[in-house]
>>> print(open('coords.cif').read())   # mmCIF, C-alpha atoms
data_final
loop_
_atom_site.group_PDB
_atom_site.id
_atom_site.type_symbol
_atom_site.label_atom_id
_atom_site.label_comp_id
_atom_site.auth_asym_id
_atom_site.auth_seq_id
_atom_site.Cartn_x
_atom_site.Cartn_y
_atom_site.Cartn_z
ATOM 1 C CA MET A 1145 198.091 57.595 125.375
ATOM 2 C CA PRO A 1146 197.510 54.249 123.627
ATOM 3 C CA GLY A 1147 195.575 51.645 125.557
ATOM 4 C CA TYR A 1148 198.262 49.023 125.128
ATOM 5 C CA VAL A 1149 201.754 48.060 126.226
ATOM 6 C CA LEU A 1150 204.742 47.516 123.952
ATOM 7 C CA SER A 1151 206.872 44.697 125.342
ATOM 8 C CA CYS A 1152 209.999 42.715 124.502
ATOM 9 C CA CYS A 1153 212.585 40.380 126.048
ATOM 10 C CA SER A 1154 215.853 41.442 127.660
ATOM 11 C CA THR A 1155 217.659 39.986 124.638
ATOM 12 C CA VAL A 1156 217.071 43.280 122.791
ATOM 13 C CA ASP A 1157 220.494 44.080 124.287
ATOM 14 C CA LEU A 1158 219.723 47.737 124.910
ATOM 15 C CA THR A 1159 219.840 49.101 128.468
ATOM 16 C CA ARG A 1160 217.213 49.341 131.172
ATOM 17 C CA ASP A 1161 217.486 53.138 131.061
ATOM 18 C CA TRP A 1162 216.871 53.131 127.298
ATOM 19 C CA LEU A 1163 213.834 50.847 127.573
ATOM 20 C CA ASP A 1164 212.402 52.621 130.614
ATOM 21 C CA GLY A 1165 212.899 55.980 128.927
ATOM 22 C CA ARG A 1166 210.950 54.762 125.901
ATOM 23 C CA ASP A 1167 208.263 53.098 128.067
ATOM 24 C CA ILE A 1168 209.005 49.646 126.655
ATOM 25 C CA LYS A 1169 208.281 46.791 129.071
ATOM 26 C CA TYR A 1170 210.477 43.701 129.180
ATOM 27 C CA VAL A 1171 210.783 40.186 130.538
ATOM 28 C CA TYR A 1172 214.108 38.551 131.431
ATOM 29 C CA PHE A 1173 215.744 35.620 129.709
ATOM 30 C CA ASN A 1174 217.707 33.232 131.934
ATOM 31 C CA TYR A 1175 221.094 31.554 131.935
ATOM 32 C CA VAL A 1176 222.995 29.138 134.153
ATOM 33 C CA LEU A 1177 226.621 29.824 135.020
ATOM 34 C CA ASP A 1178 228.416 26.882 136.648
ATOM 35 C CA GLY A 1179 225.109 25.584 137.958
ATOM 36 C CA VAL A 1180 223.895 28.943 139.307
ATOM 37 C CA SER A 1181 220.677 30.285 137.763
ATOM 38 C CA CYS A 1182 220.905 33.935 136.698
ATOM 39 C CA LYS A 1183 218.722 36.489 134.966
ATOM 40 C CA ASP A 1184 219.828 38.137 131.734
ATOM 41 C CA ASP A 1185 219.198 41.459 133.461
ATOM 42 C CA PHE A 1186 221.307 43.951 131.501
ATOM 43 C CA GLY A 1187 224.470 43.027 133.388
ATOM 44 C CA GLN A 1188 223.205 43.513 136.936
ATOM 45 C CA THR A 1189 223.875 39.928 138.033
ATOM 46 C CA ASN A 1190 227.131 39.577 136.077
ATOM 47 C CA SER A 1191 228.638 42.462 134.152
ATOM 48 C CA PRO A 1192 229.615 41.497 130.592
ATOM 49 C CA SER A 1193 233.325 41.642 131.437
ATOM 50 C CA ASP A 1194 232.822 39.435 134.514
ATOM 51 C CA LEU A 1195 230.743 36.960 132.521
ATOM 52 C CA TYR A 1196 233.337 36.627 129.765
ATOM 53 C CA ALA A 1197 236.196 36.361 132.242
ATOM 54 C CA LYS A 1198 234.404 33.465 133.938
ATOM 55 C CA MET A 1199 233.671 31.795 130.610
ATOM 56 C CA LEU A 1200 237.286 32.117 129.473
ATOM 57 C CA ALA A 1201 238.366 30.634 132.807
ATOM 58 C CA GLY A 1202 236.266 27.558 132.012
ATOM 59 C CA ALA A 1203 232.872 28.315 133.556
ATOM 60 C CA ASP A 1204 230.008 26.374 131.967
ATOM 61 C CA ALA A 1205 227.395 28.799 130.581
ATOM 62 C CA LYS A 1206 224.007 27.655 129.330
ATOM 63 C CA THR A 1207 221.005 29.767 128.343
ATOM 64 C CA SER A 1208 217.295 29.127 128.703
ATOM 65 C CA GLN A 1209 214.393 30.907 127.107
ATOM 66 C CA VAL A 1210 211.530 32.645 128.875
ATOM 67 C CA SER A 1211 209.106 29.946 130.040
ATOM 68 C CA THR A 1212 205.404 29.929 129.238
ATOM 69 C CA GLY A 1213 204.694 30.511 132.929
ATOM 70 C CA ASP A 1214 206.974 33.552 133.030
ATOM 71 C CA TYR A 1215 205.213 34.956 129.992
ATOM 72 C CA VAL A 1216 201.805 34.385 131.565
ATOM 73 C CA GLU A 1217 202.920 36.303 134.655
ATOM 74 C CA HIS A 1218 204.450 39.096 132.571
ATOM 75 C CA PHE A 1219 201.457 39.547 130.255
ATOM 76 C CA GLU A 1220 198.770 39.173 132.897
ATOM 77 C CA GLN A 1221 199.868 42.213 134.898
ATOM 78 C CA PHE A 1222 198.925 44.384 131.918
ATOM 79 C CA LEU A 1223 195.844 42.484 130.760
ATOM 80 C CA ALA A 1224 194.379 42.572 134.295
ATOM 81 C CA ALA A 1225 194.863 46.347 134.294
ATOM 82 C CA GLY A 1226 192.741 46.646 131.144
ATOM 83 C CA LEU A 1227 195.638 47.085 128.704
ATOM 84 C CA ASP A 1228 196.303 45.258 125.458
ATOM 85 C CA VAL A 1229 199.830 44.000 124.768
ATOM 86 C CA VAL A 1230 202.084 43.926 121.706
ATOM 87 C CA HIS A 1231 205.001 41.667 122.567
ATOM 88 C CA VAL A 1232 207.978 41.175 120.247
ATOM 89 C CA THR A 1233 210.168 38.120 120.860
ATOM 90 C CA LEU A 1234 213.750 37.169 120.086
ATOM 91 C CA SER A 1235 214.068 35.425 116.710
ATOM 92 C CA SER A 1236 212.576 31.947 116.455
ATOM 93 C CA GLY A 1237 215.651 31.063 114.393
ATOM 94 C CA ILE A 1238 217.736 31.386 117.557
ATOM 95 C CA SER A 1239 215.358 30.539 120.395
ATOM 96 C CA GLY A 1240 212.079 28.763 121.091
ATOM 97 C CA THR A 1241 210.812 31.707 123.130
ATOM 98 C CA TYR A 1242 208.291 32.728 120.461
ATOM 99 C CA ASN A 1243 206.491 29.398 120.935
ATOM 100 C CA SER A 1244 206.405 29.953 124.705
ATOM 101 C CA ALA A 1245 204.892 33.403 124.226
ATOM 102 C CA VAL A 1246 202.258 32.038 121.850
ATOM 103 C CA ALA A 1247 201.407 29.300 124.368
ATOM 104 C CA ALA A 1248 200.985 31.952 127.080
ATOM 105 C CA LYS A 1249 198.718 33.919 124.759
ATOM 106 C CA GLY A 1250 196.498 30.848 124.349
ATOM 107 C CA ILE A 1251 196.234 30.391 128.117
ATOM 108 C CA LEU A 1252 195.364 34.023 128.741
ATOM 109 C CA ALA A 1253 192.876 34.324 125.868
ATOM 110 C CA GLU A 1254 190.329 32.331 127.842
ATOM 111 C CA LYS A 1255 190.711 34.494 130.933
ATOM 112 C CA TYR A 1256 190.802 37.855 129.138
ATOM 113 C CA PRO A 1257 188.716 37.391 125.976
ATOM 114 C CA GLU A 1258 188.124 41.121 125.658
ATOM 115 C CA ARG A 1259 191.843 41.967 125.522
ATOM 116 C CA LYS A 1260 194.244 41.832 122.580
ATOM 117 C CA LEU A 1261 197.587 40.055 123.050
ATOM 118 C CA ILE A 1262 199.673 40.273 119.877
ATOM 119 C CA VAL A 1263 202.898 38.243 119.698
ATOM 120 C CA VAL A 1264 205.435 39.040 116.966
ATOM 121 C CA ASP A 1265 208.433 36.878 116.074
ATOM 122 C CA SER A 1266 211.060 39.559 115.439
ATOM 123 C CA LEU A 1267 213.378 37.342 113.362
ATOM 124 C CA CYS A 1268 215.979 39.699 114.845
ATOM 125 C CA ALA A 1269 218.645 39.411 117.533
ATOM 126 C CA SER A 1270 220.607 41.529 119.989
ATOM 127 C CA ALA A 1271 220.449 45.277 119.320
ATOM 128 C CA GLY A 1272 218.988 44.583 115.856
ATOM 129 C CA TYR A 1273 215.973 43.298 117.759
ATOM 130 C CA GLY A 1274 216.343 46.450 119.845
ATOM 131 C CA LEU A 1275 216.383 48.638 116.717
ATOM 132 C CA LEU A 1276 213.061 47.117 115.631
ATOM 133 C CA VAL A 1277 211.456 47.620 119.037
ATOM 134 C CA ASP A 1278 212.765 51.178 119.228
ATOM 135 C CA ARG A 1279 211.071 51.984 115.890
ATOM 136 C CA LEU A 1280 207.846 50.416 117.151
ATOM 137 C CA ALA A 1281 208.008 52.752 120.145
ATOM 138 C CA ASP A 1282 208.249 55.692 117.717
ATOM 139 C CA LEU A 1283 205.164 54.503 115.848
ATOM 140 C CA ARG A 1284 203.258 53.910 119.087
ATOM 141 C CA ASP A 1285 204.113 57.427 120.220
ATOM 142 C CA GLN A 1286 202.821 58.750 116.916
ATOM 143 C CA GLY A 1287 199.436 57.199 117.704
ATOM 144 C CA MET A 1288 199.542 53.840 115.916
ATOM 145 C CA GLY A 1289 197.140 51.298 117.455
ATOM 146 C CA ALA A 1290 198.084 47.862 118.742
ATOM 147 C CA GLU A 1291 196.861 45.792 115.794
ATOM 148 C CA GLU A 1292 198.333 48.199 113.254
ATOM 149 C CA LEU A 1293 201.642 48.183 115.136
ATOM 150 C CA GLY A 1294 201.775 44.385 115.143
ATOM 151 C CA ALA A 1295 201.031 44.328 111.410
ATOM 152 C CA TRP A 1296 203.731 46.941 110.733
ATOM 153 C CA ALA A 1297 206.268 44.868 112.631
ATOM 154 C CA GLU A 1298 205.401 41.783 110.590
ATOM 155 C CA ASP A 1299 205.700 43.731 107.336
ATOM 156 C CA HIS A 1300 209.007 45.467 108.104
ATOM 157 C CA LYS A 1301 211.016 43.285 110.508
ATOM 158 C CA LEU A 1302 213.196 41.793 107.754
ATOM 159 C CA GLU A 1303 214.380 45.311 106.886
ATOM 160 C CA VAL A 1304 216.607 45.286 109.985
ATOM 161 C CA GLN A 1305 220.068 44.338 108.755
ATOM 162 C CA HIS A 1306 222.395 42.482 111.174
ATOM 163 C CA TRP A 1307 226.129 42.144 110.458
ATOM 164 C CA PHE A 1308 228.483 40.605 113.014
ATOM 165 C CA PHE A 1309 232.176 39.890 113.100
ATOM 166 C CA SER A 1310 234.282 38.226 115.777
ATOM 167 C CA SER A 1311 238.002 38.387 116.487
ATOM 168 C CA ASP A 1312 237.815 35.527 119.017
ATOM 169 C CA LEU A 1313 236.500 32.209 117.684
ATOM 170 C CA THR A 1314 236.710 30.274 120.969
ATOM 171 C CA PHE A 1315 233.006 30.099 121.717
ATOM 172 C CA PHE A 1316 231.885 29.780 118.104
ATOM 173 C CA ILE A 1317 234.009 26.615 118.041
ATOM 174 C CA ARG A 1318 232.608 25.390 121.377
ATOM 175 C CA GLY A 1319 229.078 25.995 120.139
ATOM 176 C CA GLY A 1320 229.712 24.132 116.890
ATOM 177 C CA ARG A 1321 229.152 27.129 114.598
ATOM 178 C CA ILE A 1322 232.753 26.827 113.402
ATOM 179 C CA SER A 1323 234.665 23.527 113.224
ATOM 180 C CA LYS A 1324 237.757 23.038 115.392
ATOM 181 C CA ALA A 1325 239.948 22.699 112.314
ATOM 182 C CA ALA A 1326 238.563 25.865 110.721
ATOM 183 C CA GLY A 1327 238.872 27.664 114.051
ATOM 184 C CA LEU A 1328 242.509 26.656 114.453
ATOM 185 C CA ILE A 1329 243.411 27.832 110.966
ATOM 186 C CA GLY A 1330 241.318 30.963 111.381
ATOM 187 C CA GLY A 1331 243.080 31.847 114.609
ATOM 188 C CA MET A 1332 246.502 31.376 113.054
ATOM 189 C CA LEU A 1333 245.611 33.542 110.062
ATOM 190 C CA LYS A 1334 243.696 36.115 112.158
ATOM 191 C CA ILE A 1335 240.521 35.438 110.183
ATOM 192 C CA CYS A 1336 237.336 37.173 111.333
ATOM 193 C CA PRO A 1337 234.115 35.490 110.224
ATOM 194 C CA VAL A 1338 231.480 37.943 108.997
ATOM 195 C CA MET A 1339 228.003 36.762 109.930
ATOM 196 C CA ASP A 1340 224.455 37.931 109.375
ATOM 197 C CA VAL A 1341 220.955 37.049 110.530
ATOM 198 C CA GLU A 1342 219.160 35.249 107.722
ATOM 199 C CA PRO A 1343 215.503 35.738 106.621
ATOM 200 C CA ASP A 1344 214.487 32.805 108.844
ATOM 201 C CA GLY A 1345 216.109 34.515 111.827
ATOM 202 C CA SER A 1346 219.094 32.162 112.085
ATOM 203 C CA LEU A 1347 222.752 33.187 112.261
ATOM 204 C CA ALA A 1348 224.981 32.328 109.303
ATOM 205 C CA VAL A 1349 228.649 32.837 108.410
ATOM 206 C CA LYS A 1350 228.733 34.772 105.117
ATOM 207 C CA GLU A 1351 232.404 35.627 104.606
ATOM 208 C CA LYS A 1352 235.799 34.971 106.192
ATOM 209 C CA ILE A 1353 238.129 37.955 106.108
ATOM 210 C CA ARG A 1354 241.705 38.256 107.280
ATOM 211 C CA ASN A 1355 242.293 40.783 110.115
ATOM 212 C CA LYS A 1356 239.957 43.244 111.795
ATOM 213 C CA LYS A 1357 240.908 46.246 109.673
ATOM 214 C CA ASN A 1358 239.717 44.540 106.497
ATOM 215 C CA THR A 1359 236.648 43.190 108.267
ATOM 216 C CA ILE A 1360 235.578 46.640 109.429
ATOM 217 C CA LYS A 1361 236.115 47.966 105.908
ATOM 218 C CA ARG A 1362 233.892 45.177 104.579
ATOM 219 C CA ASP A 1363 231.193 45.988 107.165
ATOM 220 C CA LEU A 1364 231.004 49.544 105.828
ATOM 221 C CA GLN A 1365 230.856 48.305 102.234
ATOM 222 C CA ILE A 1366 227.961 46.030 103.144
ATOM 223 C CA MET A 1367 226.144 48.880 104.871
ATOM 224 C CA GLU A 1368 226.569 51.120 101.821
ATOM 225 C CA GLU A 1369 225.195 48.329 99.593
ATOM 226 C CA LEU A 1370 222.205 47.458 101.756
ATOM 227 C CA ALA A 1371 221.218 50.520 103.809
ATOM 228 C CA VAL A 1372 218.156 52.555 102.907
ATOM 229 C CA ARG A 1373 219.436 55.344 100.584
ATOM 230 C CA GLY A 1374 223.011 54.025 100.737
ATOM 231 C CA VAL A 1375 225.509 56.641 101.959
ATOM 232 C CA ASP A 1376 222.554 59.013 102.432
ATOM 233 C CA TYR A 1377 221.148 56.716 105.118
ATOM 234 C CA ALA A 1378 219.084 58.853 107.513
ATOM 235 C CA ASP A 1379 217.920 56.453 110.236
ATOM 236 C CA LYS A 1380 219.448 55.196 113.494
ATOM 237 C CA VAL A 1381 222.421 52.850 113.739
ATOM 238 C CA PHE A 1382 222.928 50.552 116.720
ATOM 239 C CA ILE A 1383 226.119 48.626 117.500
ATOM 240 C CA SER A 1384 226.464 45.981 120.187
ATOM 241 C CA GLN A 1385 229.737 44.547 121.414
ATOM 242 C CA ALA A 1386 231.002 41.714 123.580
ATOM 243 C CA ASP A 1387 233.774 43.103 125.781
ATOM 244 C CA CYS A 1388 235.540 44.785 122.840
ATOM 245 C CA GLU A 1389 234.411 48.376 123.138
ATOM 246 C CA ASP A 1390 237.470 49.776 121.339
ATOM 247 C CA ASP A 1391 236.634 47.727 118.234
ATOM 248 C CA ALA A 1392 232.999 48.839 118.422
ATOM 249 C CA ARG A 1393 234.006 52.493 118.742
ATOM 250 C CA GLU A 1394 236.251 52.154 115.702
ATOM 251 C CA VAL A 1395 233.328 50.793 113.667
ATOM 252 C CA ALA A 1396 231.070 53.560 115.000
ATOM 253 C CA SER A 1397 233.615 56.249 114.126
ATOM 254 C CA GLN A 1398 233.932 55.008 110.557
ATOM 255 C CA VAL A 1399 230.169 54.678 110.143
ATOM 256 C CA GLU A 1400 229.621 58.234 111.376
ATOM 257 C CA ALA A 1401 232.308 59.555 109.021
ATOM 258 C CA LYS A 1402 230.801 57.828 105.984
ATOM 259 C CA PHE A 1403 227.061 58.101 106.669
ATOM 260 C CA THR A 1404 226.831 61.767 107.602
ATOM 261 C CA LYS A 1405 223.032 62.055 107.343
ATOM 262 C CA MET A 1406 222.288 59.478 110.053
ATOM 263 C CA ASP A 1407 219.690 60.170 112.731
ATOM 264 C CA GLY A 1408 222.113 61.101 115.513
ATOM 265 C CA PRO A 1409 225.356 59.362 116.488
ATOM 266 C CA VAL A 1410 225.793 55.594 116.504
ATOM 267 C CA HIS A 1411 224.389 54.104 119.719
ATOM 268 C CA LEU A 1412 226.642 51.530 121.428
ATOM 269 C CA PHE A 1413 225.325 48.769 123.677
ATOM 270 C CA PRO A 1414 226.865 45.734 125.413
ATOM 271 C CA ILE A 1415 225.840 42.310 124.154
ATOM 272 C CA GLY A 1416 223.773 40.737 126.912
ATOM 273 C CA ALA A 1417 224.307 37.425 128.644
ATOM 274 C CA THR A 1418 222.016 35.307 126.459
ATOM 275 C CA ILE A 1419 223.733 36.177 123.191
ATOM 276 C CA GLY A 1420 227.110 36.575 124.915
ATOM 277 C CA CYS A 1421 227.056 33.023 126.290
ATOM 278 C CA HIS A 1422 227.149 31.844 122.663
ATOM 279 C CA THR A 1423 229.488 34.419 121.115
ATOM 280 C CA GLY A 1424 231.911 34.931 123.969
ATOM 281 C CA PRO A 1425 234.079 38.082 123.894
ATOM 282 C CA GLY A 1426 235.338 39.788 120.750
ATOM 283 C CA THR A 1427 232.091 40.141 118.783
ATOM 284 C CA VAL A 1428 230.952 43.435 117.227
ATOM 285 C CA ALA A 1429 227.502 43.680 115.636
ATOM 286 C CA LEU A 1430 226.274 46.457 113.327
ATOM 287 C CA PHE A 1431 222.540 47.080 112.860
ATOM 288 C CA PHE A 1432 220.737 49.402 110.457
ATOM 289 C CA TRP A 1433 217.577 49.673 108.338
ATOM 290 C CA GLY A 1434 218.071 48.363 104.835
ATOM 291 C CA LYS A 1435 216.843 46.224 101.995
ATOM 292 C CA PRO A 1436 214.683 43.309 103.181
ATOM 293 C CA ARG A 1437 216.745 40.235 103.992
ATOM 294 C CA ALA A 1438 216.286 37.664 101.245
#
>>> encode(input="coords.cif", output="structure tokens")
Amino acid sequence: MPGYVLSCCSTVDLTRDWLDGRDIKYVYFNYVLDGVSCKDDFGQTNSPSDLYAKMLAGADAKTSQVSTGDYVEHFEQFLAAGLDVVHVTLSSGISGTYNSAVAAKGILAEKYPERKLIVVDSLCASAGYGLLVDRLADLRDQGMGAEELGAWAEDHKLEVQHWFFSSDLTFFIRGGRISKAAGLIGGMLKICPVMDVEPDGSLAVKEKIRNKKNTIKRDLQIMEELAVRGVDYADKVFISQADCEDDAREVASQVEAKFTKMDGPVHLFPIGATIGCHTGPGTVALFFWGKPRA
């Protein structure tokens, strides 16, 4: 067994069972719903459907990153036990949590000078972030050491492709990602924005496509263009969804039909509270290994 811990934040948008089964440790993000502080705890506090129902009813939802103090507490339990830590954070293009983790590393370096604490900015989000961490767990299990694992993550993290679409623009408008005028027209014309995660880890609208059927078709075209080995893609595919499981299953079904050499079926996960507070319901996100984002 390696003498280190692989760790991430709950914003990997996998499930506790998945992470526990892979022996990946995690620390919770936080959000505030109508003044009540909650943990982004894989839907235990508020299930995704309950969260979105409250948001659509007018509840005020705000997110907050993991604090430096929370990171210190999380990391120290492993360092004090004589274990090194490789921690991968949510993208710095979306959250300031990477800076908090680095600050915690500086605090703990003085107390545990003999231990290694490696912090990696994933430049990934949601289950794309999860796809990266899942691969790191594979490499750890194959015997890769902590420093080598951290270096591998830095070298390969931009190979995780993220492609989102949304059939409900309400919260993209509220968050300022789409203007009110564009949102009004988009809603009338049933336009679904197609978004990706850029090389700097930020979210960007890349295309605007009319109706979900065409958007799903475009998602598969993009995957064929960018995936490792194209239609002969042989790695895992993760999909996350915000209270629109039928749409996600349709994407998964079409991906499985086209990319027949994949490593197992498509894995579906709910979008967690942190990302969901910004997207609202109706978002489907497709993640796969591909050409480096550029």
>>> resolve_selection(input="coords.cif", expression="the PyMOL selection byres ((chain A and resi 1434) around 10)", output="list in words")
Leu1302, Glu1303, Val1304, Gln1305, His1306, Met1367, Glu1368, Glu1369, Leu1370, Ala1371, Val1372, Arg1373, Gly1374, Tyr1377, Asp1379, Phe1431, Phe1432, Trp1433, Lys1435, Pro1436 and Arg1437 of chain A
>>> closest_atom_pairs(input="coords.cif", of="segment 1161-1236 of chain A", to="segment 1411-1425 of chain A", cutoff="8 Å", atoms="all atoms listed in the file", output="tab-separated table")
residue	atom	partner	partner_atom	distance
A:Phe1173	CA	A:Thr1418	CA	7.1
A:Asn1174	CA	A:Thr1418	CA	7.3
A:Tyr1175	CA	A:Thr1418	CA	6.7
A:Asp1184	CA	A:Ala1417	CA	5.5
A:Phe1186	CA	A:Gly1416	CA	6.1
A:Gly1187	CA	A:Gly1416	CA	6.9
A:Pro1192	CA	A:Gly1416	CA	6.9
A:Leu1195	CA	A:Ala1417	CA	7.5
A:Tyr1196	CA	A:Pro1425	CA	6.1
A:Met1199	CA	A:Gly1424	CA	7.6
A:Ala1205	CA	A:Cys1421	CA	6.0
A:Lys1206	CA	A:Cys1421	CA	6.9
A:Thr1207	CA	A:Thr1418	CA	5.9
>>> resolve_selection(input="coords.cif", expression="the PyMOL selection byres ((chain A and resi 1229) around 8)", output="PyMOL selection string")
chain A and resi 1148-1151+1219+1222-1223+1227-1228+1230-1231+1260-1262+1290
>>> closest_residue(input="coords.cif", among="A:Ala1201, A:Leu1293, A:Ala1271, A:Ala1224", to="Asp1157 of chain A", atoms="all atoms listed in the file")
A:Ala1271
>>> residues_near_point(input="coords.cif", point="(209.1, 55.9, 116.2)", cutoff="12 Å", atoms="only C-alpha atoms", output="VMD selection string")
chain A and resid 1166 1275 to 1288 1293 1296 to 1297 1379 to 1380 1407
>>> closest_residue(input="coords.cif", among="A:Val1341, A:Leu1163, A:Ile1360, A:Ile1251", to="Ser1266 of chain A", atoms="all atoms listed in the file")
A:Val1341
>>> residues_around(input="coords.cif", residues="Ser1244 of chain A", least_positions_apart="3", cutoff="6 Å", atoms="all atoms listed in the file", output="list of chain:residue names")
A:Ser1211, A:Thr1212, A:Thr1241, A:Ala1247
>>> atom_distance(input="coords.cif", atom1="atom CA of Glu1351 of chain A", atom2="atom CA of Cys1336 of chain A")
8.5 Å
>>> closest_residue(input="coords.cif", among="A:Lys1350, A:His1218, A:Lys1301, A:Lys1255", to="Ser1235 of chain A", atoms="only C-alpha atoms")
A:Lys1301
>>> residues_near_point(input="coords.cif", point="(212.8, 43.9, 127.6)", cutoff="7 Å", atoms="all atoms listed in the file", output="list in words")
Ser1151, Cys1152, Cys1153, Ser1154, Thr1155, Val1156, Ile1168, Lys1169, Tyr1170, Val1171 and Tyr1172 of chain A
>>> write_last_selection(input="coords.cif", atoms="C-alpha atoms", output="mmCIF file, in the coordinates of the input")
data_model
loop_
_atom_site.group_PDB
_atom_site.id
_atom_site.type_symbol
_atom_site.label_atom_id
_atom_site.label_comp_id
_atom_site.auth_asym_id
_atom_site.auth_seq_id
_atom_site.Cartn_x
_atom_site.Cartn_y
_atom_site.Cartn_z
ATOM 1 C CA SER A 1151 206.872 44.697 125.342
ATOM 2 C CA CYS A 1152 209.999 42.715 124.502
ATOM 3 C CA CYS A 1153 212.585 40.380 126.048
ATOM 4 C CA SER A 1154 215.853 41.442 127.660
ATOM 5 C CA THR A 1155 217.659 39.986 124.638
ATOM 6 C CA VAL A 1156 217.071 43.280 122.791
ATOM 7 C CA ILE A 1168 209.005 49.646 126.655
ATOM 8 C CA LYS A 1169 208.281 46.791 129.071
ATOM 9 C CA TYR A 1170 210.477 43.701 129.180
ATOM 10 C CA VAL A 1171 210.783 40.186 130.538
ATOM 11 C CA TYR A 1172 214.108 38.551 131.431
#
>>> closest_residue(input="coords.cif", among="A:Ile1335, A:Ala1392, A:Ala1401, A:Ala1348", to="Ser1311 of chain A", atoms="all atoms listed in the file")
A:Ile1335
>>> atom_distance(input="coords.cif", atom1="atom CA of Lys1198 of chain A", atom2="atom CA of Gly1179 of chain A")
12.8 Å
>>> closest_residue(input="coords.cif", among="A:Ala1378, A:Val1399, A:Leu1158, A:Ala1438", to="Pro1343 of chain A", atoms="all atoms listed in the file")
A:Ala1438
>>> decode(input="coords.cif", residues="segment 1254-1268 of chain A", atoms="N, CA and C atoms", output="compact mmCIF listing (two decimals), in the first residue's frame")
# COMPACT_ATOMS: atom_id res chain seq x y z
N GLU A 1254 5.31 23.72 8.38
CA GLU A 1254 6.16 23.99 9.54
C GLU A 1254 5.98 22.94 10.63
N LYS A 1255 4.77 22.42 10.75
CA LYS A 1255 4.48 21.44 11.79
C LYS A 1255 4.88 20.03 11.40
N TYR A 1256 4.82 19.74 10.09
CA TYR A 1256 5.13 18.39 9.61
C TYR A 1256 6.17 18.48 8.48
N PRO A 1257 7.37 18.93 8.79
CA PRO A 1257 8.37 19.14 7.73
C PRO A 1257 8.80 17.86 7.03
N GLU A 1258 8.61 16.73 7.69
CA GLU A 1258 9.02 15.46 7.10
C GLU A 1258 7.98 14.88 6.14
N ARG A 1259 6.80 15.46 6.09
CA ARG A 1259 5.70 14.93 5.28
C ARG A 1259 5.58 15.70 3.95
N LYS A 1260 5.06 15.03 2.95
CA LYS A 1260 4.79 15.66 1.66
C LYS A 1260 3.29 15.97 1.58
N LEU A 1261 2.96 17.19 1.22
CA LEU A 1261 1.58 17.60 0.97
C LEU A 1261 1.56 18.27 -0.40
N ILE A 1262 1.04 17.55 -1.38
CA ILE A 1262 1.04 18.00 -2.78
C ILE A 1262 -0.37 18.47 -3.13
N VAL A 1263 -0.48 19.71 -3.59
CA VAL A 1263 -1.78 20.27 -3.96
C VAL A 1263 -1.80 20.52 -5.47
N VAL A 1264 -2.79 19.95 -6.14
CA VAL A 1264 -2.92 20.07 -7.60
C VAL A 1264 -4.19 20.83 -7.93
N ASP A 1265 -4.07 21.86 -8.75
CA ASP A 1265 -5.23 22.56 -9.30
C ASP A 1265 -5.72 21.73 -10.49
N SER A 1266 -6.89 21.12 -10.36
CA SER A 1266 -7.36 20.20 -11.41
C SER A 1266 -7.63 20.88 -12.74
N LEU A 1267 -8.03 22.17 -12.70
CA LEU A 1267 -8.55 22.86 -13.88
C LEU A 1267 -9.72 22.07 -14.49
N CYS A 1268 -10.41 21.33 -13.63
CA CYS A 1268 -11.56 20.52 -14.02
C CYS A 1268 -12.73 20.83 -13.10
